[in-house]
Amino acid sequence: MNILVCIKQVPDPGGRFMPNAAATWFDDAGLVFRMNDCDEYAVEEALRLKELLGGTPEVTVLSVGPMRVVETIRKALAMGCDRGVHIDDPEASERDPWQIASMIAGHAMNRTYDLIFTGMQSEDRGSAQVGVLVAEKLGVSCVSGIMAFEWSDHSVTVERELEGGIRGIARLKSPALLTCQQGLNIPRYPTLPNIMKSKKKEISVLRPEEVGVDASLSSVAGFRHHERKNAGRILEGEVGQIADQVVAMLDAKTKVLRRGGAR
Amino acid sequence: MKLLLVGESRDGRLPGEVLELFGFADVLGAETSMVLVGSPDVLPLFSGRLYLADIRLYGEYNPEVHKRLVLKAIDQERPDAVVFLHSSYGWDLAPRVAAAMKVAQVSAVTGIDGEGFTVDSCNGKMRRTVKPSTSSFVLTLQPGAFPALRISGIPEIIPIDADQATRVEYIGSRKPEAGVDLSRATVIVSAGRGIGKQEHLDLVRDLASVLGGEIGASRPVVDAGWLQRSLQVGTTGQTVSPELYVACGISGAIQHVAGMRGAGFVLAVNTDRDAPIGDVADLLVVADIVQFLPALTSRIKAWQASGF
Ligand SMILES: Cc1cc2nc3c(=O)[nH]c(=O)nc-3n(C[C@H](O)[C@H](O)[C@H](O)COP(=O)(O)OP(=O)(O)OC[C@H]3O[C@@H](n4cnc5c(N)ncnc54)[C@H](O)[C@@H]3O)c2cc1C
Ligand SMILES: Nc1ncnc2c1ncn2[C@@H]1O[C@H](COP(=O)(O)O)[C@@H](O)[C@H]1O
């Protein structure tokens, strides 16, 4: 049995973002990169299934991006994935979701993956498209935003999260693609022995032309800071002084202090 | 401009956000029709063509079959754009429709910018304008971004049908476990990922306690198992409207803000001055919760002890 997990490397949101010269995306300078949040759940779920099946499935982890994404592939290998595929594309950030999906599908087309896990959406682009598009391009069945996963002899039962925390339950058969939502499981940390082992694991490098890239269907402009809508006050400085100001403001603007701790 | 809006049914009802699809069409001054898998007894009121498939036949979640139904309506209507909500229904179905049409999709649209559409980037700290290059395209709209437009009229109903073969069998749904009802709390102090570790929840609890409030959470705190799922505030959690909402180490993602926008006064404590929570905060304290929360709690205690 073969499992593919698609992971994206994204910047840590705590960083200071600056648009690149063409204002099509951010400039990498000064940013710290890590694995997209949802994708960690995807990796974890694949590894849990591998363990459940006595270690027989082979778990491949794939990422499309420039050289720096190898570091994130390494993290997935250290978590326990068996091998890596790096589609080395320095232009990845300029590609639209359709193009990214075409590269992933181009790779998966020639393999027989029984299951593909992706994240539901990436934190930087947030399009929630790539996973479902890959499924459509491969013609495999797909459920998005899963919060529970169960495998029983090629039959998959999943719960997808709906508005208000309601869960919809669906059943499908492999081959299938599932996009994973935050909270699906609790992703593991790589252990030291696994980090050591992962250094020997193979990462195949492919060029975009080798897997095939479709033409883009959309373009991006005006990448910019979010303009503040609200003229709320900002307090900075010594915490004791700020705390005093906050108490004064809460007293002036709300009745909550006067009601006190009475429940 | 001609739009085909894709309505949706939740638990047999039309969710209120469906009116935002009309609001969006109105902002564009577009001609509209709608496709809906719904109940013939609960119809959207507008004057235009409504391509209707009966939900009793096609189910609430049945993406492969709903895709065929939407494509049927597209075939007849030939719209410039097909517009979904960026909801669990919309983000699942839209890429399937876009892939079948081989056209661009722009997701979670929050605004219109010339010939393009504004969308958030990088957890809401940045934004960008995405322009479809295909002659027709698919959009999903971020709930809450466009005004809900209540219109009237009687739609012209055009029944549609499709092959019902599917590889995804829908079994049913399950309600979230009942827990604390935060909807009536007057004060909520919520913990976000920025609290750093579970032990720091005590700092949040202490503040909630002196304020006589309840504790709430953003999603990652619940995902990590630090607090029970029922305390989550946001689109997939509870919607709250306390007199005071304190966001501790919460960045202000759109899905969180959707659940607490109705709060009277919002105090945010965050180390990042640029965090999007600043958009909805009446007061943003730029500080580390580990230092600031105990300071605030002790000041409030002293203030209360002083007999106001
Ligand atoms: C379909 C969908 C539904 C969702 N539903 C919900 C929902 O219902 N509710 C919800 O909350 N989220 C929901 N989310 C997740 C949402 O997108 C965000 O990922 C989440 O709200 C982020 O939580 P956070 O603000 O706690 O964490 P982060 O975004 O990681 O933010 C942490 C913040 O803490 C600050 N910080 C760090 N250290 C400190 C410190 N020491 N002191 C003070 N501040 C600090 C950081 O600057 C940052 O702003 C949903 C997502 C999707 C895709
Ligand atoms: N460059 C990429 N490389 C590998 N997987 C990706 C890439 N971009 C997106 N994905 C996958 O697709 C999911 C949805 O991404 P998006 O459509 O950008 O929101 C992510 O969570 C990843 O699992």
# chains A, B, ... in the order shown; residues from 1 in each chain; ligands from 1
call {"tool": "residues_around", "arguments": {"residues": "A:Arg83", "least_positions_apart": "4", "cutoff": "8 Å", "atoms": "only C-alpha atoms", "output": "list in words"}}
result
Val59, Thr60, Val61, Leu77, Lys201, Glu202 and Ile203 of chain A
call {"tool": "residues_around", "arguments": {"residues": "A:Phe223", "least_positions_apart": "5", "cutoff": "6 Å", "atoms": "only C-alpha atoms", "output": "PyMOL selection string"}}
result
(chain A and resi 19+23-25) or (chain B and resi 127-128)
call {"tool": "write_last_selection", "arguments": {"atoms": "C-alpha atoms", "output": "short mmCIF file (atom, residue, chain, number, x, y, z; two decimals), in the first residue's frame"}}
result
data_model
loop_
_atom_site.label_atom_id
_atom_site.label_comp_id
_atom_site.auth_asym_id
_atom_site.auth_seq_id
_atom_site.Cartn_x
_atom_site.Cartn_y
_atom_site.Cartn_z
CA PRO A 19 5.91 42.61 -0.52
CA ALA A 23 4.09 43.01 -5.30
CA THR A 24 2.96 39.53 -6.33
CA TRP A 25 3.95 37.81 -3.07
CA ARG B 127 -3.85 40.74 1.35
CA ARG B 128 -3.60 40.49 -2.40
#
call {"tool": "select_by_dssp", "arguments": {"residues": "stretch 29-166 of chain B", "states": "strand (DSSP E)", "output": "NGL selection string"}}
result
:B and (31-38 or 49-54 or 81-85 or 104-113 or 116-121 or 126-132 or 137-141 or 156-159)
call {"tool": "interface_residues", "arguments": {"of": "chain A", "to": "chain B", "cutoff": "7 Å", "atoms": "only C-alpha atoms", "output": "VMD selection string"}}
result
chain A and resid 13 123 to 129 132 to 133 136 141 144 162 to 172 182 to 183 186 217 to 226 228 to 230 232 to 236 239 to 240 243 to 244 247 256 to 257 260 to 263
call {"tool": "residues_near_ligand", "arguments": {"ligand": "ligand 2", "cutoff": "9 Å", "atoms": "only C-alpha atoms and all ligand atoms", "output": "PyMOL selection string"}}
result
(chain A and resi 5-9+36-40+42+61-65+69+86-87+89+92-93+95-98+100-101+103-104+117-134+179-181) or (chain B and resi 107)
call {"tool": "closest_residue", "arguments": {"among": "A:Asp12, A:Trp151, A:Glu94, A:Phe26", "to": "ligand 1", "atoms": "only C-alpha atoms and all ligand atoms"}}
result
A:Asp12
call {"tool": "residues_around", "arguments": {"residues": "B:Glu77", "least_positions_apart": "6", "cutoff": "12 Å", "atoms": "only C-alpha atoms", "output": "number ranges by chain"}}
result
B: 2-5, 31-35, 48-51, 70-71, 158
call {"tool": "residues_around", "arguments": {"residues": "B:Val65", "least_positions_apart": "4", "cutoff": "8 Å", "atoms": "only C-alpha atoms", "output": "number ranges by chain"}}
result
B: 58, 69, 162-166
call {"tool": "residues_around", "arguments": {"residues": "B:Leu201", "least_positions_apart": "3", "cutoff": "12 Å", "atoms": "only C-alpha atoms", "output": "number ranges by chain"}}
result
B: 189-198, 204-208, 215-217, 221-222, 226-227, 248-249, 289-290, 293-294
call {"tool": "closest_residue", "arguments": {"among": "A:Val158, A:Val43, A:Ala108, A:Ile146", "to": "ligand 1", "atoms": "only C-alpha atoms and all ligand atoms"}}
result
A:Ile146
